[in-house]
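This report refers to the structure that appears directly beneath it.
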Amino acid sequence: MNTAVAPATYFQARDYKSEVKPVWCPGCGDFSVLMAITKAFAELQLAPEKTAVISGIGCSSRIPAYTNCYGFHGVHGRALALGTGVKIARPDLTVVVAGGDGDGFSIGGNHFLHACRRNVDMTYVVMDNRVYGMTKGQPSPTTEPDWDSALTPGGTGLRPFNPLVIALASGANFIARGFAGDPNACASLIAEGVRHPGFSFVEILSPCVTFRPDQRDWKSAVHPAPVKATDDAARAAKRLMTDDGFNTGVLYAGSRAPFQPSFSTTKTVAELEEAFAS
Ligand SMILES: Cc1ncc(C[n+]2csc(CCOP(=O)(O)OP(=O)(O)O)c2C)c(N)n1
Ligand code: SF4
């Protein structure tokens with residue numbers, strides 16, 4: 001009788017990468033975020049078939065195609081709705097939703113608020129480059145008011161959206177900020193976000209070298225947050241309202257119970273359609 005125990009599968013970061021080669025511009029921060037996501041998955045030893053990576057539309061939203069987990073490259077601004085549906089229907093899966101600031105905070109802004117409020121157990125990674133990269137450089141909700149471009153001469157003059165403050169006010173249970181120039185630190189933040197119950201929001205400052213070459217300077221602007229993460233929402237609010245946008249690390253870790261409704265319908269789609277029609 002063979003009593004040898006088969007060795008447990010050990011996943012390395014490369015095991016989560018698909019054979020599809022990224023088409024991002026050379027130097028785009030999203031390469032590092034892909035690396036960080038796969039490193040985080042390896043740190044957590046997630047089985048690819050038990051992991052779903054969901055996105056909307058944008059350069060950053062291409063990420064599901066570059067992993068070999070379950071993936072869904074959805075509709076612009078609807079990534080969180082899709083992720084929520086996947087997690088509610090399949091609570092056994094680890095769900096990571098990824099995308100850009102345009103996808104998440106413009107067209108997807110309403111979904112962002114309600115994903116934070118619902119607090120379903122998933123992790124949302126936003127590659128914030130303060131611009132619409134895929135559609136050639138329009139300003140996004142996080143663009144600085146004085147960012148001057150051919151499309152917005154003199155800047156928009158609009159106050160930028162503060163996604164971390166909005167996430168906190170809306171009920172997100174974990175809030176962190178990373179910088180794509182430090183993929184190892186980003187991997188730790190993503191892994192921590194996945195481990196933390198409820199809705200985890202990880203903003204990663206990810207330079208768009210093509211439309212925002214000025215963001216190359218971010219490497220000298222970022223710095224670790226001077227204080228440890230707090231579980232006190234009021235203290236976190238004060239810190240996030242007054243930070244310079246370049247503090248990195250876990251900034252808030254709350255203890256709100258995740259929302260996970262149980263499924264009890266036994267009706268078929270045909271039966272539901274019939275009931276709906278009558
Ligand atoms: C309903 C709809 N509206 C607009 C678009 C055009 N569109 C595609 S990507 C995008 C913005 C992408 O910006 P962001 O989410 O910040 O991602 P990035 O490309 O910068 O990574 C827009 C407006 C679309 N695909 N679908
Ligand atoms: S346009 Fe910007 S965000 Fe898109 S791939 Fe190029 S550098 Fe990255």
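Letters A, B, ... go to the chains of the structure tokens in the order shown; residues in each chain start at 1; ligands are counted from 1 in the same order.
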
### Task
Considering only C-alpha atoms, return as a PyMOL selection string whatever protein or nucleic-acid residues lie within 9 Å of Lys228 in chain A, sequence-local ones (same chain, fewer than 5 positions apart) excluded.
chain A and resi 249-252

Can you write just those residues out, N, CA and C atoms, as an mmCIF file, in the first residue's frame?
```cif
data_model
loop_
_atom_site.group_PDB
_atom_site.id
_atom_site.type_symbol
_atom_site.label_atom_id
_atom_site.label_comp_id
_atom_site.auth_asym_id
_atom_site.auth_seq_id
_atom_site.Cartn_x
_atom_site.Cartn_y
_atom_site.Cartn_z
ATOM 1 N N GLY A 249 -0.524 52.963 3.235
ATOM 2 C CA GLY A 249 -0.683 51.997 4.332
ATOM 3 C C GLY A 249 -2.152 51.745 4.595
ATOM 4 N N VAL A 250 -2.423 50.952 5.632
ATOM 5 C CA VAL A 250 -3.820 50.727 6.026
ATOM 6 C C VAL A 250 -4.230 51.942 6.847
ATOM 7 N N LEU A 251 -5.322 52.576 6.463
ATOM 8 C CA LEU A 251 -5.714 53.827 7.106
ATOM 9 C C LEU A 251 -6.935 53.647 8.005
ATOM 10 N N TYR A 252 -7.711 52.616 7.744
ATOM 11 C CA TYR A 252 -8.885 52.340 8.587
ATOM 12 C C TYR A 252 -9.179 50.845 8.508
#
```

#### Entry: Near-ligand residues for ligand 2, threshold 12 Å, only C-alpha atoms and all ligand atoms, as an MDAnalysis selection string
chainID A and resid 22:33 57:63 99:102 126:138 180 205:216

Expected file contents, prior selection, N, CA and C atoms, as a short mmCIF file (atom, residue, chain, number, x, y, z; two decimals), in the first residue's frame:
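Result went into out25.cif, see below:
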```
data_model
loop_
_atom_site.label_atom_id
_atom_site.label_comp_id
_atom_site.auth_asym_id
_atom_site.auth_seq_id
_atom_site.Cartn_x
_atom_site.Cartn_y
_atom_site.Cartn_z
N PRO A 22 -0.06 41.64 -21.30
CA PRO A 22 -0.67 42.97 -21.16
C PRO A 22 -0.30 43.90 -22.32
N VAL A 23 -1.30 44.71 -22.70
CA VAL A 23 -1.06 45.67 -23.80
C VAL A 23 -0.87 47.09 -23.25
N TRP A 24 -0.65 47.21 -21.95
CA TRP A 24 -0.46 48.54 -21.37
C TRP A 24 0.79 49.21 -21.94
N CYS A 25 0.81 50.54 -21.89
CA CYS A 25 1.98 51.29 -22.35
C CYS A 25 3.18 50.92 -21.47
N PRO A 26 4.38 50.86 -22.06
CA PRO A 26 5.56 50.59 -21.23
C PRO A 26 5.65 51.63 -20.11
N GLY A 27 5.83 51.15 -18.89
CA GLY A 27 5.96 52.06 -17.73
C GLY A 27 4.65 52.33 -17.02
N CYS A 28 3.53 51.85 -17.56
CA CYS A 28 2.23 52.06 -16.89
C CYS A 28 2.26 51.41 -15.49
N GLY A 29 1.71 52.11 -14.51
CA GLY A 29 1.69 51.59 -13.14
C GLY A 29 0.90 50.31 -13.00
N ASP A 30 -0.01 50.05 -13.94
CA ASP A 30 -0.88 48.87 -13.81
C ASP A 30 -0.10 47.55 -13.87
N PHE A 31 1.09 47.56 -14.51
CA PHE A 31 1.92 46.34 -14.50
C PHE A 31 2.24 45.95 -13.05
N SER A 32 2.59 46.94 -12.25
CA SER A 32 2.96 46.66 -10.85
C SER A 32 1.76 46.21 -10.06
N VAL A 33 0.58 46.75 -10.41
CA VAL A 33 -0.62 46.35 -9.66
C VAL A 33 -0.97 44.89 -9.98
N ILE A 57 -14.59 48.65 -17.40
CA ILE A 57 -13.87 48.97 -18.64
C ILE A 57 -12.86 50.09 -18.38
N GLY A 58 -11.71 49.96 -19.01
CA GLY A 58 -10.63 50.93 -18.86
C GLY A 58 -9.32 50.17 -19.04
N CYS A 59 -8.21 50.89 -19.13
CA CYS A 59 -6.92 50.18 -19.23
C CYS A 59 -6.75 49.26 -18.03
N SER A 60 -6.98 49.80 -16.83
CA SER A 60 -6.81 49.04 -15.59
C SER A 60 -7.78 47.86 -15.53
N SER A 61 -8.94 48.04 -16.13
CA SER A 61 -9.97 46.98 -16.05
C SER A 61 -9.63 45.78 -16.92
N ARG A 62 -8.51 45.82 -17.62
CA ARG A 62 -8.10 44.65 -18.40
C ARG A 62 -7.58 43.52 -17.50
N ILE A 63 -7.38 43.83 -16.25
CA ILE A 63 -6.68 42.90 -15.35
C ILE A 63 -7.23 41.46 -15.32
N GLY A 99 -10.24 48.09 -11.07
CA GLY A 99 -10.55 49.03 -12.16
C GLY A 99 -9.93 50.39 -11.91
N GLY A 100 -10.42 51.36 -12.68
CA GLY A 100 -9.84 52.69 -12.61
C GLY A 100 -10.74 53.69 -11.90
N ASP A 101 -10.21 54.90 -11.75
CA ASP A 101 -10.95 55.96 -11.06
C ASP A 101 -12.15 56.43 -11.89
N GLY A 102 -12.03 56.40 -13.22
CA GLY A 102 -13.17 56.76 -14.05
C GLY A 102 -14.27 55.73 -13.91
N VAL A 126 -8.63 49.93 -6.73
CA VAL A 126 -8.76 50.98 -7.75
C VAL A 126 -7.38 51.51 -8.12
N MET A 127 -7.05 51.38 -9.40
CA MET A 127 -5.80 51.94 -9.92
C MET A 127 -6.08 53.39 -10.26
N ASP A 128 -5.79 54.27 -9.33
CA ASP A 128 -6.13 55.68 -9.48
C ASP A 128 -5.00 56.41 -10.19
N ASN A 129 -5.27 56.85 -11.42
CA ASN A 129 -4.27 57.65 -12.16
C ASN A 129 -4.82 59.03 -12.48
N ARG A 130 -5.96 59.34 -11.84
CA ARG A 130 -6.54 60.68 -11.96
C ARG A 130 -6.74 61.11 -13.42
N VAL A 131 -7.10 60.14 -14.25
CA VAL A 131 -7.36 60.44 -15.66
C VAL A 131 -8.07 59.24 -16.29
N TYR A 132 -8.77 59.49 -17.41
CA TYR A 132 -9.30 58.37 -18.21
C TYR A 132 -8.19 57.99 -19.18
N GLY A 133 -7.48 56.92 -18.90
CA GLY A 133 -6.38 56.51 -19.77
C GLY A 133 -6.88 55.96 -21.10
N MET A 134 -7.80 55.01 -21.02
CA MET A 134 -8.21 54.29 -22.23
C MET A 134 -8.80 55.20 -23.30
N THR A 135 -9.52 56.24 -22.87
CA THR A 135 -10.18 57.10 -23.87
C THR A 135 -9.38 58.38 -24.14
N LYS A 136 -8.10 58.33 -23.80
CA LYS A 136 -7.12 59.32 -24.23
C LYS A 136 -7.09 60.64 -23.46
N GLY A 137 -7.24 60.52 -22.14
CA GLY A 137 -6.82 61.64 -21.31
C GLY A 137 -7.84 62.64 -20.86
N GLN A 138 -9.12 62.24 -20.76
CA GLN A 138 -10.09 63.17 -20.16
C GLN A 138 -9.91 63.18 -18.65
N ALA A 180 1.90 52.19 -6.80
CA ALA A 180 2.32 51.13 -7.72
C ALA A 180 3.84 50.97 -7.76
N LEU A 205 -2.24 54.32 -6.14
CA LEU A 205 -1.82 55.41 -7.03
C LEU A 205 -0.98 54.76 -8.13
N SER A 206 -1.52 54.74 -9.34
CA SER A 206 -0.91 53.98 -10.43
C SER A 206 -0.70 54.90 -11.63
N PRO A 207 0.51 55.43 -11.81
CA PRO A 207 0.72 56.46 -12.82
C PRO A 207 0.34 56.05 -14.25
N CYS A 208 -0.31 56.99 -14.93
CA CYS A 208 -0.56 56.86 -16.37
C CYS A 208 0.57 57.65 -17.05
N VAL A 209 1.60 56.94 -17.47
CA VAL A 209 2.79 57.64 -17.98
C VAL A 209 2.52 58.32 -19.32
N THR A 210 1.47 57.90 -20.01
CA THR A 210 1.18 58.48 -21.32
C THR A 210 0.44 59.81 -21.23
N PHE A 211 -0.64 59.83 -20.44
CA PHE A 211 -1.43 61.07 -20.38
C PHE A 211 -1.13 61.92 -19.16
N ARG A 212 -0.45 61.32 -18.17
CA ARG A 212 -0.07 62.08 -16.98
C ARG A 212 1.42 61.84 -16.67
N PRO A 213 2.32 62.23 -17.60
CA PRO A 213 3.75 61.98 -17.32
C PRO A 213 4.22 62.67 -16.04
N ASP A 214 3.48 63.71 -15.62
CA ASP A 214 3.81 64.39 -14.36
C ASP A 214 3.74 63.44 -13.16
N GLN A 215 2.99 62.34 -13.32
CA GLN A 215 2.82 61.41 -12.18
C GLN A 215 4.09 60.60 -11.91
N ARG A 216 5.09 60.74 -12.78
CA ARG A 216 6.37 60.09 -12.47
C ARG A 216 6.92 60.67 -11.16
#
```

### Task
Could you pull out the residues in range 67-227 of chain A that DSSP calls helix (DSSP H, G or I) from the backbone, as number ranges by chain?
A: 79-89, 101-107, 109-118, 163-170, 183-195, 213-221

### Query
Which is closest to ligand 1 among A:Val53, A:Ala13, A:Val75, A:Leu240, if we use only C-alpha atoms and all ligand atoms?
A:Val75

Might you pull out every residue within 10 Å of range 157-162 of chain A, with only C-alpha atoms counted and same-chain residues fewer than 6 positions away left off, and present them as an mmCIF file with all heavy atoms, in the first residue's frame?
```
data_model
loop_
_atom_site.group_PDB
_atom_site.id
_atom_site.type_symbol
_atom_site.label_atom_id
_atom_site.label_comp_id
_atom_site.auth_asym_id
_atom_site.auth_seq_id
_atom_site.Cartn_x
_atom_site.Cartn_y
_atom_site.Cartn_z
ATOM 1 N N ASP A 101 -10.213 54.897 -11.753
ATOM 2 C CA ASP A 101 -10.950 55.962 -11.055
ATOM 3 C C ASP A 101 -12.145 56.435 -11.887
ATOM 4 O O ASP A 101 -13.183 56.809 -11.337
ATOM 5 C CB ASP A 101 -10.022 57.141 -10.720
ATOM 6 C CG ASP A 101 -9.049 57.460 -11.843
ATOM 7 O OD1 ASP A 101 -8.179 56.623 -12.129
ATOM 8 O OD2 ASP A 101 -9.180 58.532 -12.455
ATOM 9 N N PHE A 105 -15.486 55.813 -10.013
ATOM 10 C CA PHE A 105 -15.999 57.000 -9.310
ATOM 11 C C PHE A 105 -16.850 57.906 -10.200
ATOM 12 O O PHE A 105 -17.555 58.773 -9.680
ATOM 13 C CB PHE A 105 -14.839 57.808 -8.714
ATOM 14 C CG PHE A 105 -13.857 56.992 -7.906
ATOM 15 C CD1 PHE A 105 -12.494 57.255 -7.961
ATOM 16 C CD2 PHE A 105 -14.290 55.961 -7.081
ATOM 17 C CE1 PHE A 105 -11.582 56.504 -7.229
ATOM 18 C CE2 PHE A 105 -13.392 55.199 -6.345
ATOM 19 C CZ PHE A 105 -12.040 55.475 -6.421
ATOM 20 N N SER A 106 -16.752 57.752 -11.537
ATOM 21 C CA SER A 106 -17.656 58.528 -12.415
ATOM 22 C C SER A 106 -18.892 57.694 -12.671
ATOM 23 O O SER A 106 -19.810 57.667 -11.861
ATOM 24 C CB SER A 106 -16.980 58.830 -13.762
ATOM 25 O OG SER A 106 -16.027 59.830 -13.652
ATOM 26 N N ARG A 130 -5.956 59.339 -11.842
ATOM 27 C CA ARG A 130 -6.537 60.682 -11.956
ATOM 28 C C ARG A 130 -6.745 61.114 -13.416
ATOM 29 O O ARG A 130 -6.602 62.297 -13.747
ATOM 30 C CB ARG A 130 -5.672 61.695 -11.196
ATOM 31 C CG ARG A 130 -5.507 61.302 -9.732
ATOM 32 C CD ARG A 130 -4.750 62.331 -8.929
ATOM 33 N NE ARG A 130 -4.548 61.868 -7.561
ATOM 34 C CZ ARG A 130 -3.790 62.468 -6.668
ATOM 35 N NH1 ARG A 130 -3.151 63.576 -7.010
ATOM 36 N NH2 ARG A 130 -3.668 61.997 -5.449
ATOM 37 N N SER A 140 -10.832 62.883 -14.719
ATOM 38 C CA SER A 140 -11.727 61.986 -13.973
ATOM 39 C C SER A 140 -12.139 62.708 -12.679
ATOM 40 O O SER A 140 -11.682 63.826 -12.417
ATOM 41 C CB SER A 140 -10.993 60.689 -13.651
ATOM 42 O OG SER A 140 -10.248 60.834 -12.452
ATOM 43 N N PRO A 141 -12.947 62.069 -11.846
ATOM 44 C CA PRO A 141 -13.350 62.743 -10.591
ATOM 45 C C PRO A 141 -12.189 63.008 -9.630
ATOM 46 O O PRO A 141 -12.326 63.825 -8.730
ATOM 47 C CB PRO A 141 -14.338 61.755 -9.967
ATOM 48 C CG PRO A 141 -14.809 60.908 -11.084
ATOM 49 C CD PRO A 141 -13.680 60.820 -12.050
ATOM 50 N N THR A 142 -11.053 62.300 -9.809
ATOM 51 C CA THR A 142 -9.934 62.541 -8.882
ATOM 52 C C THR A 142 -8.869 63.471 -9.488
ATOM 53 O O THR A 142 -7.845 63.728 -8.862
ATOM 54 C CB THR A 142 -9.283 61.203 -8.453
ATOM 55 O OG1 THR A 142 -8.984 60.437 -9.614
ATOM 56 C CG2 THR A 142 -10.184 60.406 -7.531
ATOM 57 N N THR A 143 -9.131 63.975 -10.698
ATOM 58 C CA THR A 143 -8.154 64.880 -11.335
ATOM 59 C C THR A 143 -8.068 66.213 -10.575
ATOM 60 O O THR A 143 -9.095 66.770 -10.163
ATOM 61 C CB THR A 143 -8.575 65.149 -12.799
ATOM 62 O OG1 THR A 143 -8.675 63.895 -13.470
ATOM 63 C CG2 THR A 143 -7.573 66.021 -13.526
ATOM 64 N N GLU A 144 -6.858 66.708 -10.452
ATOM 65 C CA GLU A 144 -6.630 67.982 -9.787
ATOM 66 C C GLU A 144 -7.317 69.101 -10.608
ATOM 67 O O GLU A 144 -7.293 69.064 -11.839
ATOM 68 C CB GLU A 144 -5.126 68.289 -9.700
ATOM 69 C CG GLU A 144 -4.309 67.221 -8.994
ATOM 70 C CD GLU A 144 -3.921 66.032 -9.894
ATOM 71 O OE1 GLU A 144 -4.538 65.831 -10.956
ATOM 72 O OE2 GLU A 144 -3.007 65.293 -9.496
ATOM 73 N N PRO A 145 -7.887 70.117 -9.935
ATOM 74 C CA PRO A 145 -8.652 71.150 -10.657
ATOM 75 C C PRO A 145 -7.817 71.959 -11.650
ATOM 76 O O PRO A 145 -8.350 72.475 -12.632
ATOM 77 C CB PRO A 145 -9.174 72.059 -9.536
ATOM 78 C CG PRO A 145 -8.388 71.707 -8.317
ATOM 79 C CD PRO A 145 -7.885 70.308 -8.486
ATOM 80 N N ASP A 146 -6.507 72.039 -11.394
ATOM 81 C CA ASP A 146 -5.674 72.882 -12.266
ATOM 82 C C ASP A 146 -4.861 72.058 -13.261
ATOM 83 O O ASP A 146 -3.930 72.572 -13.868
ATOM 84 C CB ASP A 146 -4.728 73.747 -11.404
ATOM 85 C CG ASP A 146 -3.875 72.905 -10.480
ATOM 86 O OD1 ASP A 146 -4.105 71.666 -10.396
ATOM 87 O OD2 ASP A 146 -2.963 73.465 -9.833
ATOM 88 N N TRP A 147 -5.235 70.779 -13.452
ATOM 89 C CA TRP A 147 -4.498 69.967 -14.445
ATOM 90 C C TRP A 147 -4.859 70.447 -15.843
ATOM 91 O O TRP A 147 -5.985 70.323 -16.302
ATOM 92 C CB TRP A 147 -4.798 68.476 -14.283
ATOM 93 C CG TRP A 147 -4.037 67.661 -15.282
ATOM 94 C CD1 TRP A 147 -2.683 67.564 -15.417
ATOM 95 C CD2 TRP A 147 -4.605 66.852 -16.327
ATOM 96 N NE1 TRP A 147 -2.375 66.742 -16.473
ATOM 97 C CE2 TRP A 147 -3.521 66.289 -17.046
ATOM 98 C CE3 TRP A 147 -5.903 66.544 -16.714
ATOM 99 C CZ2 TRP A 147 -3.710 65.441 -18.130
ATOM 100 C CZ3 TRP A 147 -6.095 65.691 -17.806
ATOM 101 C CH2 TRP A 147 -5.007 65.151 -18.497
ATOM 102 N N ASP A 148 -3.848 71.003 -16.482
ATOM 103 C CA ASP A 148 -4.037 71.644 -17.780
ATOM 104 C C ASP A 148 -3.772 70.639 -18.895
ATOM 105 O O ASP A 148 -2.749 69.961 -18.885
ATOM 106 C CB ASP A 148 -3.012 72.805 -17.839
ATOM 107 C CG ASP A 148 -3.137 73.622 -19.094
ATOM 108 O OD1 ASP A 148 -4.226 74.138 -19.354
ATOM 109 O OD2 ASP A 148 -2.124 73.739 -19.820
ATOM 110 N N LEU A 240 -8.207 61.239 7.200
ATOM 111 C CA LEU A 240 -8.370 61.176 5.742
ATOM 112 C C LEU A 240 -8.740 62.528 5.155
ATOM 113 O O LEU A 240 -8.345 62.867 4.038
ATOM 114 C CB LEU A 240 -9.434 60.136 5.360
ATOM 115 C CG LEU A 240 -9.087 58.674 5.676
ATOM 116 C CD1 LEU A 240 -10.269 57.760 5.387
ATOM 117 C CD2 LEU A 240 -7.881 58.226 4.874
ATOM 118 N N MET A 241 -9.492 63.319 5.930
ATOM 119 C CA MET A 241 -9.883 64.645 5.439
ATOM 120 C C MET A 241 -8.687 65.579 5.364
ATOM 121 O O MET A 241 -8.690 66.538 4.603
ATOM 122 C CB MET A 241 -10.918 65.288 6.376
ATOM 123 C CG MET A 241 -12.292 64.671 6.345
ATOM 124 S SD MET A 241 -13.199 64.950 4.827
ATOM 125 C CE MET A 241 -13.620 66.666 4.921
ATOM 126 N N GLY A 245 -3.082 63.045 0.445
ATOM 127 C CA GLY A 245 -3.374 62.175 -0.698
ATOM 128 C C GLY A 245 -2.233 61.232 -1.032
ATOM 129 O O GLY A 245 -2.348 60.436 -1.969
#
```

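Using only C-alpha atoms, the smallest distance between any of A:Val125, A:Ala236, A:Ala221, A:Ala150 and Glu203 in chain A comes from A:Val125.
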